[in-house]
Each structure stands twice: as C-alpha cells, then as structure tokens.
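Data file: protein-v5.cif. Format and content: mmCIF, C-alpha atoms.
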```cif
data_work
#
loop_
_atom_site.label_atom_id
_atom_site.label_comp_id
_atom_site.auth_asym_id
_atom_site.auth_seq_id
_atom_site.Cartn_x
_atom_site.Cartn_y
_atom_site.Cartn_z
CA VAL A 1 31.43 22.03 25.64
CA GLY A 2 31.71 18.58 24.05
CA ASP A 3 34.74 16.69 25.36
CA SER A 4 36.31 19.85 26.73
CA LEU A 5 36.85 20.14 30.49
CA SER A 6 36.44 23.90 30.26
CA PRO A 7 33.40 25.24 32.12
CA ALA A 8 30.35 26.09 30.10
CA ALA A 9 30.10 29.73 29.05
CA ALA A 10 26.96 30.17 31.13
CA LEU A 11 29.03 29.43 34.26
CA GLU A 12 31.36 32.30 33.42
CA GLY A 13 28.71 34.94 33.98
CA LEU A 14 27.00 34.75 30.57
CA VAL A 15 23.46 36.13 30.71
CA LEU A 16 20.97 34.34 28.47
CA SER A 17 19.07 36.52 26.01
CA ASN A 18 15.52 35.65 27.13
CA THR A 19 14.41 35.65 23.50
CA ASP A 20 12.81 33.28 21.04
CA GLU A 21 15.08 33.35 18.02
CA ASN A 22 14.30 31.66 14.73
CA GLY A 23 16.43 30.64 11.79
CA GLY A 24 19.27 28.77 13.47
CA ASP A 25 19.69 25.38 15.06
CA PRO A 26 16.84 24.73 17.51
CA CYS A 27 18.02 25.04 21.09
CA SER A 28 16.50 25.74 24.47
CA ALA A 29 18.73 26.89 27.30
CA MET A 30 17.73 27.78 30.86
CA ALA A 31 19.95 29.02 33.66
CA VAL A 32 19.45 30.07 37.28
CA ASP A 33 21.81 31.04 40.05
CA LEU A 34 21.87 28.62 42.96
CA THR A 35 23.97 28.86 46.08
CA VAL A 36 24.43 25.60 47.98
CA GLU A 37 26.02 25.85 51.41
CA PRO A 38 28.52 23.16 52.48
CA GLY A 39 26.75 20.03 53.67
CA SER A 40 23.37 21.13 52.31
CA THR A 41 21.42 20.26 49.19
CA GLY A 42 19.45 22.30 46.71
CA GLU A 43 16.83 21.28 44.21
CA ILE A 44 15.48 23.07 41.14
CA THR A 45 12.64 21.82 38.96
CA PHE A 46 12.32 23.16 35.42
CA LEU A 47 8.74 23.07 34.20
CA MET A 48 8.20 22.89 30.43
CA GLY A 49 4.88 22.38 28.73
CA ASP A 50 2.52 23.19 25.92
CA VAL A 51 -1.04 24.47 25.90
CA GLU A 52 -3.44 25.38 23.12
CA ARG A 53 -3.98 28.95 24.40
CA SER A 54 -1.73 31.17 26.49
CA GLU A 55 -4.41 31.78 29.14
CA LEU A 56 -4.34 28.06 29.98
CA ALA A 57 -0.68 28.18 31.01
CA ALA A 58 -0.90 30.02 34.35
CA PRO A 59 -3.49 27.75 36.03
CA LEU A 60 -1.65 24.66 34.80
CA ILE A 61 1.63 25.93 36.18
CA ALA A 62 -0.01 26.77 39.50
CA ARG A 63 -1.53 23.31 39.80
CA LEU A 64 1.73 21.55 38.98
CA ILE A 65 3.72 23.65 41.44
CA GLN A 66 1.18 22.93 44.16
CA THR A 67 1.16 19.21 43.38
CA GLY A 68 4.93 18.89 43.26
CA PHE A 69 7.34 16.96 41.05
CA GLU A 70 7.33 13.53 42.68
CA PRO A 71 3.53 13.03 42.65
CA GLU A 72 3.41 14.08 39.00
CA LEU A 73 6.27 11.74 38.14
CA ALA A 74 4.48 8.89 39.92
CA LYS A 75 1.29 9.68 37.99
CA THR A 76 3.17 9.72 34.69
CA ARG A 77 4.76 6.36 35.46
CA ALA A 78 1.39 4.91 36.46
CA ASP A 79 -0.18 6.15 33.21
CA TRP A 80 2.55 4.57 31.08
CA ASP A 81 2.44 1.33 33.09
CA ALA A 82 -1.31 1.12 32.54
CA PHE A 83 -0.98 1.81 28.81
CA LEU A 84 1.94 -0.54 28.18
CA GLY A 85 0.73 -3.21 30.59
CA VAL A 86 -2.34 -4.09 28.54
CA LEU A 87 -0.27 -6.36 26.29
CA GLN A 88 2.75 -8.23 27.61
CA VAL A 89 4.37 -11.15 25.83
CA LYS A 90 7.14 -13.46 26.98
CA THR A 91 9.15 -15.36 24.41
CA PRO A 92 12.66 -16.87 24.29
CA ASP A 93 13.82 -13.61 22.67
CA PRO A 94 14.11 -10.73 25.21
CA ALA A 95 14.68 -8.19 22.44
CA PHE A 96 11.42 -9.21 20.79
CA ASP A 97 9.61 -8.93 24.12
CA ARG A 98 10.97 -5.43 24.73
CA MET A 99 9.98 -4.34 21.24
CA VAL A 100 6.40 -5.59 21.53
CA ASN A 101 5.81 -4.81 25.21
CA THR A 102 7.37 -1.38 25.42
CA TRP A 103 9.13 0.17 22.47
CA LEU A 104 6.55 -0.07 19.70
CA PRO A 105 3.47 1.05 21.68
CA TYR A 106 5.48 3.82 23.34
CA GLN A 107 6.70 5.15 20.01
CA GLY A 108 3.27 4.72 18.47
CA LEU A 109 1.65 6.94 21.09
CA ALA A 110 4.43 9.43 21.81
CA CYS A 111 5.77 9.91 18.30
CA ARG A 112 3.00 9.13 15.86
CA ILE A 113 -0.11 10.27 17.75
CA ARG A 114 0.96 12.93 20.23
CA ALA A 115 3.83 14.48 18.27
CA ARG A 116 2.65 13.39 14.80
CA SER A 117 6.27 13.26 13.78
CA ALA A 118 8.38 10.80 11.82
CA PHE A 119 11.53 10.48 9.74
CA TYR A 120 11.75 13.73 7.72
CA GLN A 121 8.17 14.57 8.80
CA ALA A 122 8.05 17.01 11.69
CA SER A 123 5.15 19.32 10.80
CA GLY A 124 2.75 18.09 13.46
CA ALA A 125 0.04 17.77 10.81
CA PHE A 126 -2.60 15.06 10.83
CA GLY A 127 -2.41 12.57 7.99
CA PHE A 128 -5.75 11.09 6.95
CA ARG A 129 -4.40 7.59 6.45
CA ASP A 130 -1.43 7.97 8.77
CA GLN A 131 -3.10 8.60 12.10
CA LEU A 132 -5.91 6.16 11.32
CA GLN A 133 -3.26 3.46 10.89
CA ASP A 134 -1.50 4.55 14.06
CA THR A 135 -4.57 4.65 16.32
CA LEU A 136 -5.96 1.40 14.95
CA ALA A 137 -2.64 -0.25 15.85
CA LEU A 138 -3.22 0.77 19.48
CA MET A 139 -6.83 -0.39 19.68
CA LEU A 140 -5.97 -2.92 22.37
CA GLN A 141 -4.16 -0.39 24.54
CA ASP A 142 -6.65 2.48 24.19
CA PRO A 143 -9.59 2.28 21.75
CA SER A 144 -10.57 5.87 22.57
CA LEU A 145 -7.60 7.00 20.46
CA ALA A 146 -9.10 5.33 17.40
CA ARG A 147 -12.57 6.68 18.13
CA ALA A 148 -11.31 10.24 18.37
CA GLN A 149 -9.23 9.96 15.21
CA ILE A 150 -12.03 8.39 13.15
CA LEU A 151 -14.26 11.36 13.98
CA ASN A 152 -11.38 13.76 13.40
CA ALA A 153 -10.66 12.25 9.97
CA ALA A 154 -14.33 12.25 8.95
CA SER A 155 -14.49 15.98 9.72
CA ARG A 156 -11.91 16.56 6.96
CA GLN A 157 -14.09 15.08 4.22
CA PHE A 158 -15.35 17.20 1.35
CA ILE A 159 -18.99 17.02 0.35
CA GLU A 160 -17.90 15.23 -2.86
CA GLY A 161 -16.58 12.34 -0.77
CA ASP A 162 -12.83 12.92 -1.07
CA VAL A 163 -10.73 14.16 1.84
CA GLN A 164 -7.75 16.21 2.88
CA HIS A 165 -4.70 13.97 2.68
CA TRP A 166 -3.17 15.94 5.53
CA TRP A 167 -4.10 19.06 7.47
CA LEU A 168 -2.80 21.34 10.20
CA PRO A 169 -4.72 20.99 13.47
CA LYS A 170 -5.41 24.62 14.36
CA SER A 171 -6.12 26.28 11.03
CA GLY A 172 -7.47 23.23 9.17
CA ALA A 173 -5.29 24.19 6.20
CA GLY A 174 -4.16 21.17 4.24
CA VAL A 175 -3.98 19.46 0.88
CA ARG A 176 -6.78 18.22 -1.31
CA THR A 177 -5.19 15.52 -3.45
CA LEU A 178 -5.76 12.63 -5.83
CA ILE A 179 -4.32 10.10 -3.36
CA SER A 180 -6.64 7.18 -3.96
CA ASP A 181 -6.66 5.03 -0.82
CA ASP A 182 -7.76 7.64 1.75
CA VAL A 183 -11.43 7.17 0.92
CA ALA A 184 -11.21 3.45 1.73
CA TRP A 185 -9.46 4.00 5.08
CA LEU A 186 -12.39 5.75 6.73
CA GLY A 187 -14.74 2.80 6.26
CA TYR A 188 -12.00 0.28 7.01
CA GLY A 189 -11.04 1.99 10.26
CA THR A 190 -14.62 2.57 11.37
CA ALA A 191 -15.61 -1.04 10.74
CA LEU A 192 -12.54 -2.37 12.55
CA TYR A 193 -13.24 -0.09 15.52
CA VAL A 194 -16.91 -1.08 15.73
CA SER A 195 -16.23 -4.80 15.41
CA THR A 196 -13.51 -4.61 18.07
CA THR A 197 -15.29 -2.45 20.64
CA GLY A 198 -19.00 -2.98 19.91
CA ASP A 199 -19.40 0.81 19.97
CA THR A 200 -22.08 1.26 17.29
CA ALA A 201 -23.03 4.67 18.71
CA ILE A 202 -20.07 6.17 16.86
CA LEU A 203 -21.91 5.56 13.58
CA ASP A 204 -24.57 8.12 14.53
CA GLU A 205 -22.15 10.87 15.53
CA PRO A 206 -23.05 14.00 13.47
CA ILE A 207 -20.09 15.41 11.51
CA ILE A 208 -19.96 18.47 9.30
CA TYR A 209 -18.36 18.33 5.85
CA ILE A 210 -15.83 20.81 4.49
CA GLU A 211 -15.97 22.66 1.20
CA GLY A 212 -13.35 24.06 -1.15
CA GLU A 213 -12.32 24.57 -4.73
CA ALA A 214 -12.35 21.38 -6.80
CA LEU A 215 -8.99 20.20 -8.09
CA GLY A 216 -9.97 20.39 -11.73
CA GLU A 217 -6.78 19.90 -13.74
CA LYS A 218 -4.60 20.22 -10.65
CA HIS A 219 -3.16 17.16 -8.93
CA GLU A 220 -3.24 18.69 -5.46
CA SER A 221 -4.05 21.98 -3.81
CA PHE A 222 -3.13 23.49 -0.45
CA PHE A 223 -5.76 25.77 1.09
CA THR A 224 -7.94 26.33 4.13
CA PRO A 225 -11.39 24.83 3.43
CA GLN A 226 -14.66 26.25 4.69
CA LYS A 227 -17.20 24.42 6.79
CA SER A 228 -20.18 23.13 4.83
CA GLU A 229 -23.78 23.53 5.91
CA THR A 230 -24.25 19.81 5.31
CA VAL A 231 -24.05 17.57 8.36
CA GLU A 232 -24.35 13.78 8.21
CA ASN A 233 -23.56 11.01 10.64
CA LEU A 234 -20.37 8.97 10.46
CA TYR A 235 -22.09 6.09 8.70
CA GLU A 236 -23.12 8.38 5.86
CA HIS A 237 -19.60 9.82 5.68
CA CYS A 238 -18.25 6.30 5.27
CA THR A 239 -20.78 5.36 2.60
CA ARG A 240 -19.99 8.52 0.65
CA ALA A 241 -16.28 7.70 0.73
CA LEU A 242 -16.70 4.03 -0.19
CA ASP A 243 -19.07 4.87 -3.05
CA LEU A 244 -16.45 7.24 -4.44
CA ALA A 245 -13.80 4.52 -4.17
CA ILE A 246 -15.99 2.21 -6.24
CA GLN A 247 -16.59 4.87 -8.88
CA ARG A 248 -12.84 5.17 -9.37
CA THR A 249 -12.42 1.93 -11.34
CA GLY A 250 -10.15 1.43 -14.36
CA THR A 251 -10.33 -0.60 -17.55
CA HIS A 252 -8.78 -3.70 -15.91
CA GLY A 253 -11.48 -3.59 -13.24
CA LEU A 254 -8.95 -2.46 -10.61
CA PRO A 255 -9.17 0.77 -8.58
CA LEU A 256 -7.57 3.83 -10.16
CA ILE A 257 -4.32 4.75 -8.45
CA LEU A 258 -4.59 8.43 -9.50
CA GLY A 259 -2.10 10.48 -7.42
CA GLY A 260 -0.75 7.50 -5.49
CA ASP A 261 -2.16 4.91 -3.11
CA TRP A 262 -0.59 3.71 0.16
CA ASN A 263 2.75 4.35 -1.49
CA ASP A 264 2.35 8.09 -1.94
CA GLY A 265 5.63 8.21 -3.84
CA MET A 266 4.02 6.48 -6.82
CA ASN A 267 2.18 9.71 -7.51
CA ARG A 268 2.61 9.66 -11.30
CA VAL A 269 1.80 6.03 -12.09
CA GLY A 270 -1.82 6.95 -12.75
CA ILE A 271 -1.80 10.73 -12.73
CA GLU A 272 -3.60 10.88 -16.10
CA GLY A 273 -6.52 8.98 -14.58
CA ARG A 274 -6.03 5.56 -16.17
CA GLY A 275 -3.37 3.80 -14.03
CA GLU A 276 -4.58 1.14 -11.60
CA SER A 277 -3.58 -0.42 -8.27
CA THR A 278 -3.72 -4.10 -7.38
CA TRP A 279 -2.94 -3.36 -3.74
CA LEU A 280 -5.88 -0.97 -3.54
CA ALA A 281 -8.12 -3.68 -5.01
CA TRP A 282 -7.22 -5.96 -2.09
CA PHE A 283 -7.58 -3.16 0.46
CA LEU A 284 -10.90 -1.87 -0.89
CA TYR A 285 -12.20 -5.43 -0.91
CA SER A 286 -11.23 -5.77 2.75
CA ALA A 287 -12.80 -2.42 3.66
CA LEU A 288 -16.07 -3.31 1.93
CA GLN A 289 -16.21 -6.77 3.46
CA ARG A 290 -15.77 -5.27 6.92
CA PHE A 291 -18.36 -2.57 6.32
CA ILE A 292 -21.08 -4.66 4.64
CA PRO A 293 -22.29 -6.17 7.97
CA ILE A 294 -22.73 -2.65 9.30
CA ALA A 295 -24.91 -1.77 6.32
CA VAL A 296 -26.93 -4.94 6.85
CA ASN A 297 -27.44 -4.13 10.54
CA ARG A 298 -28.67 -0.67 9.58
CA SER A 299 -31.10 -2.14 7.01
CA ASP A 300 -29.20 -0.48 4.17
CA ALA A 301 -29.74 -3.32 1.72
CA ALA A 302 -28.99 -1.19 -1.34
CA HIS A 303 -25.44 -0.47 -0.23
CA ALA A 304 -24.83 -3.96 1.12
CA GLN A 305 -25.82 -5.54 -2.18
CA ALA A 306 -23.94 -3.03 -4.35
CA TRP A 307 -20.78 -3.38 -2.27
CA GLN A 308 -20.89 -7.17 -2.34
CA ALA A 309 -21.32 -7.11 -6.10
CA HIS A 310 -18.28 -4.87 -6.40
CA CYS A 311 -16.26 -7.21 -4.17
CA ASP A 312 -17.11 -10.06 -6.52
CA ARG A 313 -15.95 -7.96 -9.46
CA LEU A 314 -12.71 -7.04 -7.70
CA LYS A 315 -11.81 -10.69 -7.04
CA LEU A 316 -12.43 -11.57 -10.67
CA ALA A 317 -10.50 -8.56 -11.96
CA VAL A 318 -7.40 -9.22 -9.84
CA GLU A 319 -7.17 -12.90 -10.73
CA SER A 320 -7.81 -12.32 -14.43
CA THR A 321 -5.72 -9.18 -15.02
CA ALA A 322 -3.14 -8.84 -12.22
CA TRP A 323 -1.64 -12.33 -11.81
CA ASP A 324 1.88 -12.33 -13.23
CA GLY A 325 2.67 -16.04 -13.06
CA GLU A 326 4.49 -16.25 -9.72
CA TRP A 327 3.14 -13.17 -7.93
CA TYR A 328 0.57 -10.41 -8.29
CA ARG A 329 1.46 -7.29 -10.25
CA ARG A 330 1.46 -4.01 -8.38
CA GLY A 331 -0.83 -2.44 -10.96
CA TYR A 332 -0.72 -0.60 -14.28
CA PHE A 333 0.64 2.69 -15.56
CA ASP A 334 -1.59 5.12 -17.42
CA ASP A 335 -0.53 3.65 -20.75
CA GLY A 336 -1.52 0.13 -19.66
CA SER A 337 2.03 -1.10 -19.04
CA PRO A 338 2.30 -3.38 -16.01
CA LEU A 339 3.93 -2.25 -12.77
CA GLY A 340 5.51 -4.82 -10.47
CA SER A 341 5.80 -7.49 -13.13
CA SER A 342 8.52 -9.86 -14.29
CA GLU A 343 8.36 -7.78 -17.49
CA SER A 344 9.29 -4.60 -15.60
CA ASP A 345 12.86 -3.32 -15.73
CA GLU A 346 12.55 -1.99 -12.15
CA CYS A 347 10.05 -2.73 -9.37
CA ARG A 348 9.38 -6.26 -10.63
CA ILE A 349 7.76 -7.47 -7.40
CA ASP A 350 6.16 -5.36 -4.66
CA SER A 351 5.48 -6.89 -1.25
CA ILE A 352 2.15 -5.27 -0.39
CA ALA A 353 0.42 -6.63 -3.49
CA GLN A 354 1.36 -10.09 -2.20
CA SER A 355 0.68 -9.73 1.54
CA TRP A 356 -2.75 -8.22 1.03
CA SER A 357 -3.79 -11.07 -1.24
CA VAL A 358 -3.67 -13.01 2.04
CA LEU A 359 -4.79 -10.33 4.50
CA SER A 360 -7.87 -9.43 2.43
CA GLY A 361 -8.95 -13.04 2.16
CA ALA A 362 -9.70 -12.40 -1.50
CA GLY A 363 -6.70 -13.99 -3.18
CA ASP A 364 -6.80 -17.45 -4.69
CA PRO A 365 -5.19 -19.57 -1.93
CA ALA A 366 -2.77 -21.37 -4.22
CA ARG A 367 -1.70 -18.18 -5.93
CA ALA A 368 -1.44 -16.26 -2.67
CA SER A 369 0.84 -18.98 -1.27
CA MET A 370 3.01 -18.83 -4.39
CA ALA A 371 3.10 -15.04 -4.14
CA MET A 372 4.35 -15.18 -0.55
CA ASP A 373 6.96 -17.75 -1.60
CA SER A 374 8.16 -15.11 -4.07
CA VAL A 375 8.37 -12.61 -1.21
CA THR A 376 10.71 -14.90 0.73
CA GLN A 377 12.84 -15.57 -2.35
CA LYS A 378 13.09 -12.08 -3.80
CA LEU A 379 12.40 -9.52 -1.08
CA ILE A 380 13.85 -10.88 2.17
CA ASP A 381 17.48 -9.82 2.43
CA ASP A 382 18.99 -11.80 5.31
CA LYS A 383 22.40 -10.18 4.88
CA ALA A 384 21.01 -6.66 5.29
CA GLY A 385 18.39 -7.86 7.75
CA ILE A 386 15.49 -6.25 5.92
CA LEU A 387 12.35 -7.01 3.95
CA LYS A 388 12.44 -4.85 0.83
CA LEU A 389 9.28 -3.04 -0.13
CA PHE A 390 9.98 -3.97 -3.74
CA THR A 391 12.91 -4.82 -5.97
CA PRO A 392 14.76 -3.61 -7.95
CA PRO A 393 14.38 0.01 -6.82
CA PHE A 394 13.62 2.77 -9.29
CA GLU A 395 16.81 4.28 -10.65
CA ASN A 396 17.36 4.13 -14.41
CA THR A 397 13.95 3.32 -15.84
CA GLU A 398 12.61 5.73 -18.44
CA ARG A 399 9.20 5.52 -16.80
CA ASP A 400 8.14 8.17 -14.32
CA PRO A 401 6.49 6.49 -11.33
CA GLY A 402 6.62 9.73 -9.32
CA TYR A 403 8.69 11.36 -6.63
CA ILE A 404 9.62 7.92 -5.31
CA LYS A 405 12.30 7.86 -7.99
CA GLY A 406 13.92 10.87 -6.32
CA TYR A 407 14.87 8.77 -3.29
CA PRO A 408 18.21 6.98 -3.51
CA PRO A 409 17.79 3.32 -4.52
CA GLY A 410 16.96 1.19 -1.46
CA VAL A 411 15.97 4.18 0.70
CA ARG A 412 12.48 4.71 2.18
CA GLU A 413 9.68 3.80 -0.22
CA ASN A 414 12.13 3.25 -3.09
CA GLY A 415 12.84 -0.39 -2.32
CA GLY A 416 13.94 -0.01 1.27
CA GLN A 417 12.26 -1.60 4.27
CA TYR A 418 9.05 0.16 5.23
CA THR A 419 7.55 -0.70 8.61
CA HIS A 420 3.91 -1.17 7.62
CA ALA A 421 4.78 -3.32 4.63
CA ALA A 422 7.15 -5.49 6.65
CA ILE A 423 4.56 -6.05 9.37
CA TRP A 424 1.88 -6.82 6.78
CA ALA A 425 4.11 -9.51 5.28
CA ALA A 426 4.75 -11.03 8.72
CA TYR A 427 1.03 -10.92 9.46
CA ALA A 428 0.26 -12.61 6.14
CA PHE A 429 2.72 -15.41 6.90
CA ALA A 430 1.18 -15.86 10.36
CA LYS A 431 -2.34 -15.94 8.90
CA MET A 432 -1.20 -18.69 6.52
CA GLY A 433 0.19 -20.70 9.43
CA ARG A 434 3.79 -20.06 8.37
CA ALA A 435 5.02 -19.01 11.81
CA ASP A 436 8.69 -19.61 11.00
CA ASP A 437 8.56 -17.15 8.10
CA ALA A 438 6.72 -14.61 10.26
CA TYR A 439 9.26 -14.86 13.09
CA ARG A 440 12.10 -14.65 10.60
CA LEU A 441 10.91 -11.14 9.74
CA PHE A 442 10.36 -10.08 13.34
CA ALA A 443 13.82 -11.33 14.27
CA MET A 444 15.58 -9.11 11.70
#
```

Go ahead and express the file in the form of structure tokens.
Amino acid sequence: VGDSLSPAAALEGLVLSNTDENGGDPCSAMAVDLTVEPGSTGEITFLMGDVERSELAAPLIARLIQTGFEPELAKTRADWDAFLGVLQVKTPDPAFDRMVNTWLPYQGLACRIRARSAFYQASGAFGFRDQLQDTLALMLQDPSLARAQILNAASRQFIEGDVQHWWLPKSGAGVRTLISDDVAWLGYGTALYVSTTGDTAILDEPIIYIEGEALGEKHESFFTPQKSETVENLYEHCTRALDLAIQRTGTHGLPLILGGDWNDGMNRVGIEGRGESTWLAWFLYSALQRFIPIAVNRSDAAHAQAWQAHCDRLKLAVESTAWDGEWYRRGYFDDGSPLGSSESDECRIDSIAQSWSVLSGAGDPARASMAMDSVTQKLIDDKAGILKLFTPPFENTERDPGYIKGYPPGVRENGGQYTHAAIWAAYAFAKMGRADDAYRLFAM
C-alpha cells in the first residue's frame, strides 16, 4: 500500500466482501485468482459499465464478451478521433494546440455532458443553463448534442414560462427558482442551433410542459413536478420564455436579477424583486436579436415587432443608466444602489458586463472599447496568470449579495477566474480585432 513494498492484503488470502457499502470513502475493488505457468501468459479483462435498467446489463455484457476487448478499444479510439478531429489548429504554441484540439472538447463531452460533473458538483443533475452552454460549445463537433439538450431543457419548462434550474434525470425532481437568465437561454440556444445547422424542423417538435406549486413568497422550491396536459412546439416554448424575460423589467429599464443571473451566487442582489442586471440586458438583447429572424420566417410579426422594440429599449436603458464612466455597472441592488461601480466598496468592476457589451453588439462602440480597456487594467492579473471575474471580491461589505460572499475572496465566483467569463472576454477582444489581448488570456 502506498510506498510500502509489502504485498497488498488481497494477495495474502483476503476475500473481498462482495457488497455495496455506503458511507465511507468511495472505492471499487475486484480480485480474481490467476495461475500463470512458467513461460506462459494470462489475460483478464474487467468489464465495468452502466445501464438505465438492470435487464439491459446481461445482453450488453454478452455482446461485449463476444466482440472482445481489442475491437471495442479500436472502436472507442475511432469514435474519439472522429469527435476530436473535427477541429484541429496548429499554432506556434503546442500547449495551446493541445488544449483546443484535445483537452477542452474531451472534457466538455466526458465531464460536462456525459457525467454532468464539475468542481464541487457531482450530482449528475442537468442544469438548465449549464448543459445548454456545454452542448452549444460543441456544436462544431456534434450538433446532435445541442439538439437533444434543447429539447430536454424545453421539457422542463412550467406552463407559466419559467423553468427548473436543475433537475435529476430519472425522477425529474429539481428546483423551481427565481434565477433570471434561464428563460433567455432557451431562445438563445435554439436560435444559435438553427442558424448553425439550418435544422428548422426542431422548432416544430411537440414538447409537454410541467406543472407544480408556484413559488409564492419562496425563493426556490425542490419537488417533483407533474406533466401538464398542455403540449406546444419548441417555438412556442421559446416565445413563452422570452416573453416572461421581457416582463421581468426593473425601474432602470434593465432585466430584474431576482434570485441571480449567470452568476448564481448573486442570489440576494435582487431577491426582493427590484434589483437589476446589466449583463442580463446584454444577453437578453442578444437572445432576442438571434430569435427575431425566426419569428419573421414564421410570419409571427407581433412577436418580431415587440421583441425589436424591447431591444431598442434595452440599448437605451443600459447606456443611460448603467454606464459608470469607464466601464458598465454590473447592475443594481434592490434598494437602487449600484453594483459593479467605482462607487462600490467591493465588486467595483465585473468582467461579463464588459465583454457582453461587445458580444451582444449592443454596446456603444467607444464605451465598449473603454470598458474592455478597464478589463485589461483592472482584471487581468499577469502575476497570478488569471482573469478575475470581478474585483475586489466580496469580503467585508455590509451588503448581502448572496451566497457568493460565503466563498473565500478570490475563489470561484467570488472574484476568482471563471472559465466562461474568461473565454467571453477573450472572444470580445477577438471580435474587436484585439488579437494580442485575446491571446494574452489564452496563454495564461
């Protein structure tokens, strides 16, 4: 065991218990007796797998035993080569090439889609926003992943338009929440998928809604919803979600942040129903702009016109109420105090409010450029090799932004580097033609 040269206990005649024991450290141990004569060889293959129902195990085992290990290994390698081989880049930086060509798409599929696991998140649940982001990122490698997840996500939408923020795949149990950005992701993801693949048939896929107790005064609720009798196609699911997003508008003309937006940890910034999100204004604008052509193509002039009018209002609201002088504010607390402002004691500048001013195409070009300059000056930490999500982190402020303040300063969403935000900043720099700034982030 460990660095010891002593033989393992199992080699001393220990018989394994043949039980599934819970409560301790997770461990799987298998042992067989094998006698190998001098000059001969022996081979044992351990077969491990997972199936949805126990009756599926025996035929799968029989097929794999009949096929043999080497053919299955060759098939697995061919599958991964086909998946990873879709995109291959060659640059002067071999580490960058390995990251883009192999590591990121492999982790995206194996960890985020198949295992649905991440740092401190090992439940195997589907996240409404999470797996949409993950499958959209692999659209080039396998667009069928995005198609399946869009339909999966739409099936977790309540008749009122809101959705489960996450749910367990077998039971459907999950949380109904006040997270505000989920309802914009369905339309955003669907529009991106359709424009990339040309698959408009997905819009007519019939999908049933779910039903459950309204939140009322509660901020979130975990339960197993029931299936509704109402069935509508995906297009109508998207319109219902986007219309709800528009209804949730605050006094500054920005979307309400409610129980948190993309940064779930800011779950108390607008918990009283008045706080607002600048980032969500940019993202909703982008979602609507992508979805408006779909409405036009389906002769849905009423929605197309209403959504364009709201986009115009969002642009005006952000520029008139969220510009802080050198960057865009992150939003507003329930009491109207700014978040992500030079006036703030903590979280004075947040990267995603800046990068999405560029990515959405809605930000004033001069201001967006100045905002990204502020990102390079205040959020890129060359010594640590990171792009901070925001700075300074929450630590001593008397304000209660939410559970984000429970993370140590500089860890995870509390001012550390967060992958999506860092990539968005790099993408914004690239879109502006600032390739050196973009590569500077990728090279960290």

Protein, DNA and RNA residues within 9 Å of (-0.8, -18.6, 4.8), all atoms listed in the file, as a ChimeraX atom specification
/A:358,365,368-369,372,428-434

Tell me, as a list in words, which residues lie within 9 Å of A:Arg290, counting all atoms listed in the file; anything in the same chain fewer than 6 positions away does not count.
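Within the cut-off, the hits are Gly187, Tyr188, Ala191, Leu192 and Ser195 of chain A.
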
For this file, the PyMOL selection byres ((chain A and resi 105) around 12) selects which residues, as a VMD selection string?
chain A and resid 80 to 88 97 to 104 106 to 113 134 to 142

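Residue nearest A:Glu319 within the list A:Gly363, A:Pro38, A:Gly260, A:Gly174: A:Gly363 [criterion: smallest interatomic distance, only C-alpha atoms].
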
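The closest residue to A:Asp364, picked from A:Phe390, A:Tyr427, A:Tyr439, A:Trp282 and counting all atoms listed in the file, is A:Trp282.
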
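Put simply, the PyMOL selection byres ((chain A and resi 303) around 12) in this file takes in Tyr235, Glu236, Cys238, Thr239, Arg240, Leu242, Asp243, Ile246, Leu288, Gln289, Phe291, Ile292, Pro293, Ile294, Ala295, Val296, Asn297, Arg298, Ser299, Asp300, Ala301, Ala302, Ala304, Gln305, Ala306, Trp307, Gln308, Ala309 and His310 of chain A.
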
I'd like the residues picked by the PyMOL selection byres ((chain A and resi 336) around 10) written out as a ChimeraX atom specification, using the chain letters and numbers from the file.
/A:251-252,270,274-276,331-335,337-339

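Among the candidates A:Phe223, A:Pro143, A:Thr376, A:Gly172, the one nearest to A:Gly198 when counting all atoms listed in the file is A:Pro143.
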
Pick from A:Asp381, A:Arg116, A:Cys311, A:Ile404: nearest to A:Cys347, with all atoms listed in the file counted?
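For A:Cys347, the nearest of the given residues is A:Ile404.
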
Would you mind reading off the distance between atom CA of A:Arg114 and atom CA of A:Phe126, one decimal, in Å?
10.3 Å

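Here atom CA of A:Phe128 is placed at a distance of 11.9 Å from atom CA of A:Pro169.
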
Between A:Pro401, A:Glu346, A:Lys227, A:Ala317, which one has atoms that come closest to A:Leu258, using all atoms listed in the file?
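Distance minimum relative to A:Leu258 lands on A:Pro401.
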
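Nearest to A:Ser374 of all the residues A:Glu398, A:Glu326, A:Glu211, A:Asp350 is A:Glu326, counting all atoms listed in the file.
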
Give me the residues near A:Pro409 as a count of residues only, where near means some atom within 12 Å (using only C-alpha atoms) and where sequence neighbours in that chain fewer than 3 positions away do not count.
21

Atomic separation - atom CA of A:Asp182 relative to atom CA of A:Ala148, Å
17.2 Å

Identify, on the basis of all atoms listed in the file, every residue whose closest approach to A:Thr177 does not exceed 8 Å; exclude the query and any residue fewer than 4 positions from it along the same chain; express the result as a VMD selection string.
chain A and resid 163 to 165 215 219 to 221 259
